[in-house]
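Have a look at run34.tsv; it's TSV, C-alpha atoms and all ligand atoms:
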```
chain	number	residue	atom	x	y	z
A	1	MET	CA	-16.84	11.46	-1.87
A	2	THR	CA	-17.11	11.11	1.90
A	3	PRO	CA	-13.88	12.07	3.65
A	4	LEU	CA	-11.77	9.23	5.06
A	5	THR	CA	-11.99	8.73	8.81
A	6	PRO	CA	-8.75	8.05	10.73
A	7	ARG	CA	-9.75	4.37	10.95
A	8	ASP	CA	-10.38	4.17	7.18
A	9	ARG	CA	-6.74	5.17	6.68
A	10	LEU	CA	-5.17	2.28	8.57
A	11	ILE	CA	-4.27	-0.82	6.51
A	12	VAL	CA	-3.05	-3.78	8.56
A	13	ALA	CA	-0.52	-6.00	6.71
A	14	LEU	CA	-1.48	-9.66	7.15
A	15	ASP	CA	2.06	-11.01	6.70
A	16	VAL	CA	1.23	-14.55	7.77
A	17	ALA	CA	1.43	-17.93	6.04
A	18	ASP	CA	-2.20	-18.94	5.68
A	19	ALA	CA	-5.83	-17.95	6.15
A	20	ALA	CA	-6.08	-19.65	9.54
A	21	ALA	CA	-3.31	-17.44	10.95
A	22	ALA	CA	-4.86	-14.39	9.29
A	23	ASP	CA	-8.27	-15.18	10.79
A	24	LYS	CA	-6.74	-15.31	14.28
A	25	LEU	CA	-5.18	-11.90	13.81
A	26	ILE	CA	-8.33	-10.36	12.36
A	27	ALA	CA	-10.32	-11.67	15.32
A	28	ALA	CA	-7.76	-10.23	17.76
A	29	ILE	CA	-7.95	-6.82	16.05
A	30	GLY	CA	-11.76	-6.86	16.02
A	31	ASP	CA	-13.38	-3.65	14.85
A	32	ALA	CA	-10.23	-1.58	15.43
A	33	ALA	CA	-9.33	-2.01	11.73
A	34	ILE	CA	-11.40	-2.37	8.58
A	35	PHE	CA	-8.70	-2.51	5.89
A	36	TYR	CA	-6.25	-5.43	5.45
A	37	LYS	CA	-3.32	-6.05	3.11
A	38	ILE	CA	-2.87	-9.50	1.61
A	39	GLY	CA	0.56	-9.93	0.06
A	40	MET	CA	2.23	-12.74	-1.85
A	41	GLU	CA	3.08	-14.87	1.19
A	42	LEU	CA	-0.54	-15.15	2.32
A	43	ALA	CA	-1.98	-15.22	-1.22
A	44	TYR	CA	0.15	-18.27	-2.08
A	45	GLY	CA	-0.46	-19.88	1.31
A	46	GLY	CA	-3.42	-22.03	2.38
A	47	ASP	CA	-6.73	-20.40	1.37
A	48	GLY	CA	-5.03	-17.01	1.20
A	49	LEU	CA	-6.77	-15.80	-1.94
A	50	ALA	CA	-10.13	-17.13	-0.79
A	51	LEU	CA	-9.76	-14.79	2.18
A	52	VAL	CA	-10.28	-11.81	-0.16
A	53	GLY	CA	-13.88	-12.70	-0.96
A	54	ARG	CA	-14.56	-13.81	2.59
A	55	LEU	CA	-13.31	-10.55	4.12
A	56	ALA	CA	-15.05	-8.43	1.50
A	57	ALA	CA	-18.33	-10.23	2.28
A	58	ALA	CA	-17.75	-9.45	5.97
A	59	GLY	CA	-17.54	-5.72	5.17
A	60	LYS	CA	-13.75	-5.42	5.32
A	61	LYS	CA	-11.63	-3.80	2.62
A	62	ILE	CA	-8.72	-5.58	0.98
A	63	PHE	CA	-5.48	-4.29	-0.45
A	64	LEU	CA	-4.21	-7.10	-2.68
A	65	ASP	CA	-0.46	-6.51	-2.83
A	66	LEU	CA	0.47	-8.88	-5.66
A	67	LYS	CA	2.69	-6.47	-7.61
A	68	LEU	CA	1.60	-7.70	-11.04
A	69	HIS	CA	3.93	-7.41	-14.02
A	70	ASP	CA	3.39	-9.48	-17.19
A	71	ILE	CA	2.24	-9.05	-20.78
A	72	PRO	CA	-0.74	-6.68	-21.05
A	73	ASN	CA	-3.33	-9.38	-21.80
A	74	THR	CA	-2.37	-11.36	-18.69
A	75	VAL	CA	-2.28	-8.28	-16.46
A	76	GLU	CA	-5.67	-7.10	-17.70
A	77	LYS	CA	-7.32	-10.49	-17.13
A	78	ALA	CA	-5.68	-10.97	-13.70
A	79	THR	CA	-6.85	-7.50	-12.69
A	80	GLU	CA	-10.41	-8.36	-13.73
A	81	GLN	CA	-10.20	-11.44	-11.48
A	82	ALA	CA	-8.95	-9.39	-8.52
A	83	ALA	CA	-11.83	-6.96	-9.05
A	84	ARG	CA	-14.32	-9.87	-9.10
A	85	ARG	CA	-12.97	-11.09	-5.77
A	86	GLY	CA	-13.89	-7.73	-4.27
A	87	ALA	CA	-10.45	-6.21	-3.61
A	88	THR	CA	-10.28	-2.44	-3.14
A	89	PHE	CA	-6.60	-1.90	-4.08
A	90	LEU	CA	-4.27	-3.96	-6.29
A	91	THR	CA	-0.57	-3.20	-6.82
A	92	VAL	CA	1.24	-3.45	-10.14
A	93	HIS	CA	4.82	-2.56	-10.99
A	94	ALA	CA	4.79	0.92	-12.48
A	95	TYR	CA	5.78	0.01	-16.05
A	96	PRO	CA	3.64	1.92	-18.55
A	97	GLN	CA	2.40	-1.22	-20.40
A	98	THR	CA	1.52	-2.94	-17.15
A	99	MET	CA	-0.24	0.07	-15.65
A	100	LYS	CA	-2.28	0.65	-18.82
A	101	ALA	CA	-3.45	-2.99	-18.83
A	102	ALA	CA	-4.36	-2.93	-15.13
A	103	VAL	CA	-6.34	0.28	-15.49
A	104	ALA	CA	-8.25	-1.35	-18.37
A	105	GLY	CA	-8.89	-4.49	-16.29
A	106	ALA	CA	-10.23	-2.51	-13.33
A	107	ARG	CA	-12.46	-0.20	-15.39
A	108	GLY	CA	-16.05	-0.14	-14.18
A	109	SER	CA	-15.25	-2.04	-10.98
A	110	GLY	CA	-14.65	-0.91	-7.40
A	111	LEU	CA	-10.95	-1.75	-7.70
A	112	SER	CA	-8.27	0.94	-7.72
A	113	ILE	CA	-4.80	0.31	-9.11
A	114	LEU	CA	-1.72	1.32	-7.13
A	115	GLY	CA	1.62	1.65	-8.90
A	116	VAL	CA	4.82	0.50	-7.21
A	117	THR	CA	7.41	2.91	-8.58
A	118	VAL	CA	10.75	1.45	-7.45
A	119	LEU	CA	11.06	-1.23	-4.79
A	120	THR	CA	12.53	0.26	-1.64
A	121	SER	CA	15.11	-2.54	-1.55
A	122	PHE	CA	16.73	-0.88	-4.60
A	123	ASP	CA	19.47	1.73	-4.37
A	124	ASP	CA	21.19	3.54	-7.28
A	125	GLU	CA	23.71	0.72	-7.73
A	126	ASP	CA	20.92	-1.84	-7.98
A	127	MET	CA	19.29	0.32	-10.68
A	128	ILE	CA	22.48	0.33	-12.75
A	129	GLU	CA	22.98	-3.40	-12.21
A	130	ALA	CA	19.43	-3.98	-13.46
A	131	GLY	CA	20.21	-1.95	-16.60
A	132	TYR	CA	18.37	1.29	-15.87
A	133	ARG	CA	19.60	4.72	-16.98
A	134	PHE	CA	18.26	6.56	-13.96
A	135	GLY	CA	18.83	6.47	-10.24
A	136	VAL	CA	16.07	5.77	-7.71
A	137	VAL	CA	14.89	9.35	-7.15
A	138	GLU	CA	14.60	10.19	-10.85
A	139	MET	CA	12.92	6.87	-11.62
A	140	VAL	CA	10.38	7.26	-8.82
A	141	ARG	CA	9.50	10.72	-10.14
A	142	ARG	CA	9.18	9.56	-13.77
A	143	ARG	CA	7.08	6.52	-12.93
A	144	ALA	CA	4.82	8.54	-10.60
A	145	GLU	CA	4.15	10.99	-13.45
A	146	GLN	CA	3.59	8.15	-15.93
A	147	ALA	CA	1.17	6.48	-13.52
A	148	GLN	CA	-0.80	9.68	-13.19
A	149	ALA	CA	-0.89	10.23	-16.97
A	150	LEU	CA	-2.19	6.67	-17.50
A	151	GLY	CA	-5.07	7.03	-15.05
A	152	VAL	CA	-3.61	4.88	-12.27
A	153	GLN	CA	-5.49	5.80	-9.11
A	154	GLY	CA	-2.66	5.66	-6.59
A	155	LEU	CA	0.94	4.95	-5.67
A	156	VAL	CA	2.78	3.09	-2.97
A	157	ALA	CA	5.55	5.26	-1.57
A	158	SER	CA	7.80	4.63	1.40
A	159	ALA	CA	7.65	7.17	4.20
A	160	ALA	CA	10.96	8.58	2.93
A	161	GLU	CA	9.48	9.22	-0.53
A	162	ALA	CA	5.95	10.27	0.43
A	163	LYS	CA	6.56	14.00	0.47
A	164	ALA	CA	8.39	14.12	-2.87
A	165	VAL	CA	5.82	11.86	-4.53
A	166	ARG	CA	2.95	13.96	-3.20
A	167	GLU	CA	4.63	17.08	-4.53
A	168	ALA	CA	5.17	15.42	-7.95
A	169	VAL	CA	1.59	14.20	-8.44
A	170	GLY	CA	-0.47	16.73	-6.45
A	171	ALA	CA	-3.61	15.94	-4.49
A	172	GLY	CA	-5.34	13.82	-7.15
A	173	MET	CA	-3.69	10.46	-6.49
A	174	VAL	CA	-4.06	8.11	-3.54
A	175	LEU	CA	-0.80	7.68	-1.61
A	176	VAL	CA	-0.29	4.52	0.42
A	177	THR	CA	2.72	4.45	2.75
A	178	PRO	CA	4.33	1.46	4.50
A	179	GLY	CA	7.29	1.56	6.89
A	180	ILE	CA	5.25	3.10	9.71
A	181	ARG	CA	6.33	2.90	13.33
A	182	PRO	CA	4.54	4.56	16.25
A	183	ALA	CA	6.89	6.81	18.22
A	184	GLY	CA	9.31	4.65	20.23
A	185	ALA	CA	8.50	1.38	18.42
A	186	ASP	CA	11.06	-1.14	17.15
A	187	ALA	CA	11.98	-0.47	13.50
A	188	GLY	CA	12.79	-4.15	12.85
A	189	ASP	CA	14.33	-4.53	9.38
A	190	GLN	CA	12.85	-1.24	8.12
A	191	LYS	CA	15.59	1.30	7.52
A	192	ARG	CA	13.58	4.43	6.85
A	193	VAL	CA	10.54	4.56	9.06
A	194	ALA	CA	8.15	7.35	9.92
A	195	THR	CA	5.58	7.84	12.64
A	196	PRO	CA	1.93	7.85	11.59
A	197	GLU	CA	1.88	11.58	12.25
A	198	ARG	CA	4.88	12.30	10.00
A	199	ALA	CA	3.53	10.15	7.15
A	200	ILE	CA	0.11	11.82	7.25
A	201	ARG	CA	1.68	15.27	7.36
A	202	ASP	CA	3.86	14.29	4.36
A	203	GLY	CA	0.74	13.58	2.36
A	204	ALA	CA	-0.03	9.89	2.89
A	205	ASP	CA	-3.72	8.95	2.59
A	206	TYR	CA	-3.36	5.39	3.90
A	207	LEU	CA	-0.76	3.85	6.21
A	208	VAL	CA	0.27	0.19	5.95
A	209	VAL	CA	1.23	-1.16	9.35
A	210	GLY	CA	2.37	-4.72	9.99
A	211	ARG	CA	4.43	-5.83	12.96
A	212	PRO	CA	3.64	-2.94	15.33
A	213	ILE	CA	0.09	-4.36	15.32
A	214	THR	CA	0.48	-8.02	14.39
A	215	THR	CA	3.16	-8.84	16.97
A	216	ALA	CA	1.71	-6.64	19.74
A	217	SER	CA	0.53	-8.44	22.88
A	218	ASP	CA	-2.83	-6.72	22.30
A	219	PRO	CA	-3.28	-6.13	18.54
A	220	ARG	CA	-6.61	-4.36	19.00
A	221	GLU	CA	-5.11	-1.87	21.43
A	222	ALA	CA	-2.10	-1.31	19.13
A	223	ALA	CA	-4.40	-0.64	16.17
A	224	GLU	CA	-6.54	1.74	18.24
A	225	ALA	CA	-3.43	3.65	19.33
A	226	ILE	CA	-2.38	4.13	15.70
A	227	VAL	CA	-5.87	5.27	14.71
A	228	GLN	CA	-5.59	7.85	17.51
A	229	GLU	CA	-2.19	9.00	16.19
A	230	ILE	CA	-3.71	9.39	12.73
A	231	ALA	CA	-6.59	11.39	14.20
A	232	GLU	CA	-4.16	13.69	15.99
A	233	ALA	CA	-2.16	14.22	12.78
A	234	LEU	CA	-5.31	15.16	10.87
A	235	LYS	CA	-6.28	17.88	13.35
A	236	PRO	CA	-5.56	21.32	11.92
A	237	THR	CA	-2.39	22.68	13.50
A	238	LEU	CA	-2.91	25.60	15.85
A	239	ARG	CA	-1.39	28.79	14.66
B	301	LIG	O1	5.77	-5.11	9.61
B	301	LIG	P1	5.89	-3.87	8.82
B	301	LIG	O2	5.05	-2.73	9.35
B	301	LIG	O3	7.32	-3.45	8.55
B	301	LIG	O4	5.24	-4.28	7.42
B	301	LIG	C1	5.15	-3.40	6.35
B	301	LIG	C2	4.40	-4.01	5.20
B	301	LIG	O5	4.52	-3.15	4.08
B	301	LIG	C3	4.95	-5.37	4.75
B	301	LIG	O6	3.83	-6.11	4.24
B	301	LIG	C4	5.89	-5.01	3.64
B	301	LIG	O7	6.02	-6.03	2.68
B	301	LIG	C5	5.22	-3.80	3.03
B	301	LIG	N1	6.10	-2.89	2.32
B	301	LIG	C6	7.18	-2.25	2.94
B	301	LIG	N2	7.95	-1.38	2.25
B	301	LIG	C7	7.70	-1.14	0.98
B	301	LIG	C8	6.63	-1.75	0.34
B	301	LIG	C9	5.83	-2.63	1.05
B	301	LIG	O8	7.43	-2.47	4.11
B	301	LIG	N3	8.42	-0.26	0.33
```
Would you put the structure from the file into structure tokens?
Ligand code: C5P
Amino acid sequence: MTPLTPRDRLIVALDVADAAAADKLIAAIGDAAIFYKIGMELAYGGDGLALVGRLAAAGKKIFLDLKLHDIPNTVEKATEQAARRGATFLTVHAYPQTMKAAVAGARGSGLSILGVTVLTSFDDEDMIEAGYRFGVVEMVRRRAEQAQALGVQGLVASAAEAKAVREAVGAGMVLVTPGIRPAGADAGDQKRVATPERAIRDGADYLVVGRPITTASDPREAAEAIVQEIAEALKPTLR
């Protein structure tokens, strides 16, 4: 496998309402980014899902962040459809049944499944309220190990969890990390953010970046700056 370049590792979150708004952003970013995340807002908005095939045909890569969770037959068939559209990553909630079905649906395609262990909006109290026996940390660890055992290719982990998740699963799984802010940037509503450098050093393979690029006065320049930060972080440290 060819090693990932710093630019390969940047995933820009297209958190906009429809394909027209996404197209504007993609044009403003130009060739500074090649990987885009389409989440539920855009997917359910005007022509959002059609954008997957269109971007794939234009040589871009797509992370379809739909966080599937349903009965196995439905998850398997939906995953097959996502693969047909040409997505590179698809998220599913990290329940064993769901992960198994998604892995089956993606088999033989270019699609990799990413497990979402525990939503970062959950704390230990939310876990109890939802009826779980474990707190967040223990549940993240268990689900990461289950994902690995079931052949799931990767995990989404917040910057705060990245190091622990990497330690739990080793080098074999892809780790995708949101909540990234360049040094000095506005955190917005994100509570636990990390710089690109920190996230890469903690073991992230891909960084998901939204507002620091999408609301920048020059999105292309903002994306280039983050690619540079990633490149710096990947340089071997001088001893
Ligand atoms: O704008 P910002 O960089 O905060 O966007 C981060 C993206 O990553 C959003 O699309 C958000 O939904 C997603 N995400 C996140 N935290 C998680 C999982 C996904 O911010 N734990």
#### Entry: Distance query Val140 in chain A at most 8 Å, only C-alpha atoms, self and fewer than 3 positions along chain excluded, as a ChimeraX atom specification
/A:117-118,136-137,143-144,165
Find the residues of range 85-173 of chain A that sit at most 12 Å from range 198-211 of chain A; for each, write down the nearest two atoms and how far apart they are in Å, to one decimal. Count only C-alpha atoms. Sort by chain, then by number going up, and give it as a tab-separated table.
```
residue	atom	partner	partner_atom	distance
A:Phe89	CA	A:Tyr206	CA	11.3
A:Leu114	CA	A:Tyr206	CA	11.9
A:Gly154	CA	A:Asp205	CA	9.8
A:Leu155	CA	A:Ala204	CA	9.9
A:Val156	CA	A:Ala204	CA	9.4
A:Ala157	CA	A:Ala204	CA	8.5
A:Ser158	CA	A:Ala199	CA	9.0
A:Ala159	CA	A:Ala199	CA	5.9
A:Ala160	CA	A:Ala199	CA	8.7
A:Glu161	CA	A:Asp202	CA	9.0
A:Ala162	CA	A:Asp202	CA	6.0
A:Lys163	CA	A:Asp202	CA	4.7
A:Ala164	CA	A:Asp202	CA	8.5
A:Val165	CA	A:Gly203	CA	8.7
A:Arg166	CA	A:Gly203	CA	6.0
A:Glu167	CA	A:Gly203	CA	8.7
A:Ala168	CA	A:Gly203	CA	11.4
A:Val169	CA	A:Gly203	CA	10.9
A:Gly170	CA	A:Gly203	CA	9.4
A:Ala171	CA	A:Gly203	CA	8.5
A:Gly172	CA	A:Asp205	CA	11.0
A:Met173	CA	A:Asp205	CA	9.2
```
Take the residues from that selection and write them out as a compact mmCIF listing (two decimals), keeping the file's coordinate frame, keeping C-alpha atoms.
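File written: result05.txt
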```txt
# COMPACT_ATOMS: atom_id res chain seq x y z
CA PHE A 89 -6.60 -1.90 -4.08
CA LEU A 114 -1.72 1.32 -7.13
CA GLY A 154 -2.66 5.66 -6.59
CA LEU A 155 0.94 4.95 -5.67
CA VAL A 156 2.78 3.09 -2.97
CA ALA A 157 5.55 5.26 -1.57
CA SER A 158 7.80 4.63 1.40
CA ALA A 159 7.65 7.17 4.20
CA ALA A 160 10.96 8.58 2.93
CA GLU A 161 9.48 9.22 -0.53
CA ALA A 162 5.95 10.27 0.43
CA LYS A 163 6.56 14.00 0.47
CA ALA A 164 8.39 14.12 -2.87
CA VAL A 165 5.82 11.86 -4.53
CA ARG A 166 2.95 13.96 -3.20
CA GLU A 167 4.63 17.08 -4.53
CA ALA A 168 5.17 15.42 -7.95
CA VAL A 169 1.59 14.20 -8.44
CA GLY A 170 -0.47 16.73 -6.45
CA ALA A 171 -3.61 15.94 -4.49
CA GLY A 172 -5.34 13.82 -7.15
CA MET A 173 -3.69 10.46 -6.49
```
### Query
Residues within 9 Å of ligand LIG 301 (chain B) (only C-alpha atoms and all ligand atoms), as number ranges by chain?
A: 12-15, 37-40, 65, 116, 118-121, 156-159, 177-181, 187-190, 193, 208-215
Take the selection from the previous step and output its residues with C-alpha atoms, as a tab-separated table (two decimals), in the frame of the given file.
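Output below, filename result05.tsv:
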```tsv
chain	number	residue	atom	x	y	z
A	12	VAL	CA	-3.05	-3.78	8.56
A	13	ALA	CA	-0.52	-6.00	6.71
A	14	LEU	CA	-1.48	-9.66	7.15
A	15	ASP	CA	2.06	-11.01	6.70
A	37	LYS	CA	-3.32	-6.05	3.11
A	38	ILE	CA	-2.87	-9.50	1.61
A	39	GLY	CA	0.56	-9.93	0.06
A	40	MET	CA	2.23	-12.74	-1.85
A	65	ASP	CA	-0.46	-6.51	-2.83
A	116	VAL	CA	4.82	0.50	-7.21
A	118	VAL	CA	10.75	1.45	-7.45
A	119	LEU	CA	11.06	-1.23	-4.79
A	120	THR	CA	12.53	0.26	-1.64
A	121	SER	CA	15.11	-2.54	-1.55
A	156	VAL	CA	2.78	3.09	-2.97
A	157	ALA	CA	5.55	5.26	-1.57
A	158	SER	CA	7.80	4.63	1.40
A	159	ALA	CA	7.65	7.17	4.20
A	177	THR	CA	2.72	4.45	2.75
A	178	PRO	CA	4.33	1.46	4.50
A	179	GLY	CA	7.29	1.56	6.89
A	180	ILE	CA	5.25	3.10	9.71
A	181	ARG	CA	6.33	2.90	13.33
A	187	ALA	CA	11.98	-0.47	13.50
A	188	GLY	CA	12.79	-4.15	12.85
A	189	ASP	CA	14.33	-4.53	9.38
A	190	GLN	CA	12.85	-1.24	8.12
A	193	VAL	CA	10.54	4.56	9.06
A	208	VAL	CA	0.27	0.19	5.95
A	209	VAL	CA	1.23	-1.16	9.35
A	210	GLY	CA	2.37	-4.72	9.99
A	211	ARG	CA	4.43	-5.83	12.96
A	212	PRO	CA	3.64	-2.94	15.33
A	213	ILE	CA	0.09	-4.36	15.32
A	214	THR	CA	0.48	-8.02	14.39
A	215	THR	CA	3.16	-8.84	16.97
```
### Task
Find, counting only C-alpha atoms, the residue in A:Leu49, A:Ala223, A:Ile62, A:Ile230 that gets nearest to Ala28 in chain A.
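Ranked by minimum distance to Ala28 in chain A, first place goes to A:Ala223.
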### Query
Pick from A:Gly110, A:Leu68, A:Thr74, A:Val103: nearest to Ala56 in chain A, with only C-alpha atoms counted?
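Among the listed residues, the smallest separation from Ala56 in chain A belongs to A:Gly110.
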### Task
Could you check how far CA of Tyr132 in chain A sits from CA of Ala101 in chain A, in Å to one decimal?
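Taking CA of Tyr132 in chain A as the start and CA of Ala101 in chain A as the end point, the length is 22.4 Å.
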#### Entry: Residues within 7 Å of range 93-100 of chain A, only C-alpha atoms, excluding chain neighbours under 2 positions, as number ranges by chain
A: 67-70, 72, 75, 91, 102-104, 115-117, 143, 146-147, 150, 152
### Query
Between A:Lys60, A:Lys77, A:Lys235, A:Arg84, which is the closest to Gly30 in chain A once you count all atoms listed in the file?
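Smallest separation from Gly30 in chain A among the options: A:Lys60.
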### Task
Could you jot down the CA of Met127 in chain A to CA of Val174 in chain A separation for me, Å, one decimal place?
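It comes out at 25.6 Å.
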### Query
Do you have the CA of Thr88 in chain A-CA of Arg142 in chain A distance handy?
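About the pair CA of Thr88 in chain A and CA of Arg142 in chain A: they are 25.2 Å apart.
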### Task
Check the smallest atom-to-atom distance from each of A:Ala78, A:Ala20, A:Ala33, A:Leu4 to Val227 in chain A using all atoms listed in the file, then report the winner.
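Going through A:Ala78, A:Ala20, A:Ala33, A:Leu4 one by one, the smallest distance to Val227 in chain A is for A:Ala33.
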### Query
Taking into account all atoms listed in the file, which residue in the set A:Leu42, A:Val176, A:Ala149, A:Ala50 is nearest to Leu90 in chain A?
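Comparing A:Leu42, A:Val176, A:Ala149, A:Ala50 against Leu90 in chain A, the winner is A:Val176.
Nearest to Glu76 in chain A of all the residues A:Ala130, A:Val92, A:Ile29, A:Leu234 is A:Val92, counting all atoms listed in the file.
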